[in-house]
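Notes follow the structure.
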Amino acid sequence: MKQKIVVLTGAGISAESGIATFRDSNGLWEGHDVMSVASPEGWKRNPELVLDFYNQRRKQAKTVEPNAAHYGLAKLEEKYNVVIVTQNVDNLHERAGSTKVMHLHGELFKSRSTVDPSLVYEMDGWEIKLGDTCEKGSQLRPDIVWFGEAVPLIEKAVIQALSADIFMVIGTSLVVYPAAGLIDYVPIEVPKYVIDLNMPYVAPRPNLHLIEAKASEGVTKLVEELISK
């Protein structure tokens with residue numbers, strides 16, 4: 001039976017592909033106050049602004065490609081059972097070939113009903129417009145988990161962390177909860193690798209390996225090691 005690798009990824013892995021990282025400076029995201037485009041209050045106040053913001057994110061995401069870190073994680077599937085738990089809403093892991101990807105904070109290329117969260121739709125293009133409705137006649141919104149909203153997949157992610165044989169953290173500041181707490185569920189004896197050019201604070205624990213490198217370099221090197229084992 002293949003060993004299980006569970007990987008938590010954040011904005012740092014997609015930044016190398018050219019996707020702007022969340023809150024790059026001063027709590028702004030592409031010039032917008034984060035709460036105005038990523039909260040239920042912002043949506044209520046100005047749905048048109050929110051729709052336009054995510055339309056632009058989608059449009060940009062269609063112009064970028066997965067990088068060596070995304071491809072490296074997909075390659076691990078040759079030898080391991082790999083589950084990726086990502087905080088990213090882009091689809092670069094899937095495009096690189098990873099087959100088990102859990103999006104904690106939603107998916108950019110899906111829309112959902114504002115009256116029934118179970119009504120989720122794949123998007124062909126990059127636009128959701130004001131007036132686009134679900135089958136129940138309600139406005140569509142981005143299928144994104146905003147600040148102040150529950151993270152529906154967190155319990156499933158915890159189960160993955162508890163059952164990991166190897167745990168990796170790539171390109172995340174480890175400050176956004178509940179995702180940042182997943183490492184605390186990983187069993188003591190399990191090797192834990194944290195790859196980041198700007199190493200976040202990680203409380204000391206057994207079997208912790210800190211790799212200070214950008215995602216593409218750190219992942220490529222670690223994947224080679226793990227595949228040659």
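Numbering starts fresh at 1 for the residues of each chain in the structure tokens, the chains themselves are lettered A, B, ... in the order given, and ligands are numbered from 1 as they appear.
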
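Neighbouring residues of range 54-63 of chain A at 8 Å or closer, counting only C-alpha atoms and skipping chain neighbours under 4 positions away, are A:Ile19, A:Val50, A:Asp90, A:Leu108, A:Phe109, A:Trp126, A:Glu127, A:Ile128, A:Pro142.
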
- [ ] Name the residues of range 57-197 of chain A that fall into strand (DSSP E or B) according to DSSP on the backbone, using the chain letters and numbers of this document, as a PyMOL selection string.
- [x] chain A and resi 81-86+101-103+106-113+120-122+133+139-144+166-170+192-195

For the residues in the current selection, export C-alpha atoms as a PDB file, in the first residue's frame.
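After the write, again.pdb holds the following:
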ATOM      1  CA  ASN A  81      -0.965   8.499  -2.231  1.00  0.00           C
ATOM      2  CA  VAL A  82      -0.933  12.318  -2.323  1.00  0.00           C
ATOM      3  CA  VAL A  83      -3.698  14.499  -0.906  1.00  0.00           C
ATOM      4  CA  ILE A  84      -3.343  18.244  -1.410  1.00  0.00           C
ATOM      5  CA  VAL A  85      -5.183  20.533   0.978  1.00  0.00           C
ATOM      6  CA  THR A  86      -4.903  24.000  -0.526  1.00  0.00           C
ATOM      7  CA  VAL A 101      -7.135  18.339  -4.280  1.00  0.00           C
ATOM      8  CA  MET A 102      -9.219  19.747  -1.455  1.00  0.00           C
ATOM      9  CA  HIS A 103      -9.905  23.498  -1.729  1.00  0.00           C
ATOM     10  CA  GLY A 106     -13.401  27.504  -2.346  1.00  0.00           C
ATOM     11  CA  GLU A 107     -12.737  27.461  -6.081  1.00  0.00           C
ATOM     12  CA  LEU A 108     -12.349  30.401  -8.407  1.00  0.00           C
ATOM     13  CA  PHE A 109     -13.816  28.615 -11.419  1.00  0.00           C
ATOM     14  CA  LYS A 110     -17.072  27.674  -9.700  1.00  0.00           C
ATOM     15  CA  SER A 111     -20.132  29.765  -8.898  1.00  0.00           C
ATOM     16  CA  ARG A 112     -22.805  29.060  -6.342  1.00  0.00           C
ATOM     17  CA  SER A 113     -26.317  30.027  -5.367  1.00  0.00           C
ATOM     18  CA  VAL A 120     -22.517  24.833  -7.120  1.00  0.00           C
ATOM     19  CA  TYR A 121     -21.765  25.212 -10.824  1.00  0.00           C
ATOM     20  CA  GLU A 122     -18.619  24.718 -12.916  1.00  0.00           C
ATOM     21  CA  THR A 133     -29.063  33.276 -11.318  1.00  0.00           C
ATOM     22  CA  GLN A 139     -28.111  35.640  -7.803  1.00  0.00           C
ATOM     23  CA  LEU A 140     -24.930  33.611  -8.320  1.00  0.00           C
ATOM     24  CA  ARG A 141     -21.858  34.447  -6.238  1.00  0.00           C
ATOM     25  CA  PRO A 142     -18.261  33.198  -6.362  1.00  0.00           C
ATOM     26  CA  ASP A 143     -17.798  29.789  -4.704  1.00  0.00           C
ATOM     27  CA  ILE A 144     -15.272  31.302  -2.306  1.00  0.00           C
ATOM     28  CA  ILE A 166       4.456  12.446   5.594  1.00  0.00           C
ATOM     29  CA  PHE A 167       3.187  16.033   5.933  1.00  0.00           C
ATOM     30  CA  MET A 168       4.315  19.014   3.862  1.00  0.00           C
ATOM     31  CA  VAL A 169       3.547  22.728   4.186  1.00  0.00           C
ATOM     32  CA  ILE A 170       4.374  24.861   1.133  1.00  0.00           C
ATOM     33  CA  LYS A 192       6.910  17.339   8.640  1.00  0.00           C
ATOM     34  CA  TYR A 193       8.506  19.484   5.934  1.00  0.00           C
ATOM     35  CA  VAL A 194       7.919  23.236   5.741  1.00  0.00           C
ATOM     36  CA  ILE A 195       9.067  24.864   2.484  1.00  0.00           C
TER      37      ILE A 195
END

Open item on the list: Which residue is closest to Val176 in chain A? Choose from A:Gly218, A:Gly18, A:Pro191, A:Pro200 and count only C-alpha atoms.
Closed with: A:Pro200

Open item on the list: Residues within 12 Å of Trp43 in chain A, please, as a PyMOL selection string. Count only C-alpha atoms; anything in the same chain fewer than 3 positions from it doesn't count.
Closed with: chain A and resi 34-40+46-54+114+130+139-142+144+146-147

TODO: Write down as a VMD selection string the residues belonging to range 2-227 of chain A that are assigned helix (DSSP H, G or I) by DSSP computed on the backbone.
DONE: chain A and resid 11 to 15 34 to 37 40 to 45 47 to 61 68 to 78 92 to 96 154 to 162 179 to 185 215 to 227

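Between Ala69 in chain A and the residues A:Val186, A:Ile227, A:Val219, A:Val89, the shortest atom-to-atom distance, using only C-alpha atoms, involves A:Val219.
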
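Omitting Glu78 in chain A and its sequence neighbours fewer than 5 positions away, and counting only C-alpha atoms, the residues within 12 Å are Lys2, Gln3, Lys4, Ile5, Tyr71, Gly72, Leu73, Gly97, Ser98, Thr99, Val223, Glu224, Leu226, Ile227 and Ser228 of chain A.
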
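Straight-line separation from CA of Gly10 in chain A to CA of Gln87 in chain A: 5.1 Å.
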
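The closest residue to Leu119 in chain A, picked from A:Ile211, A:Val190, A:Leu162, A:Cys134 and counting only C-alpha atoms, is A:Cys134.
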
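Between Ser173 in chain A and the candidates A:His32, A:Val202, A:Asp132, A:Glu149, the tightest atom-to-atom separation, counting only C-alpha atoms, involves A:Val202.
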
TODO: Take CA of Ala179 in chain A and CA of Ile154 in chain A and report the distance between them in Å, one decimal.
DONE: 7.3 Å
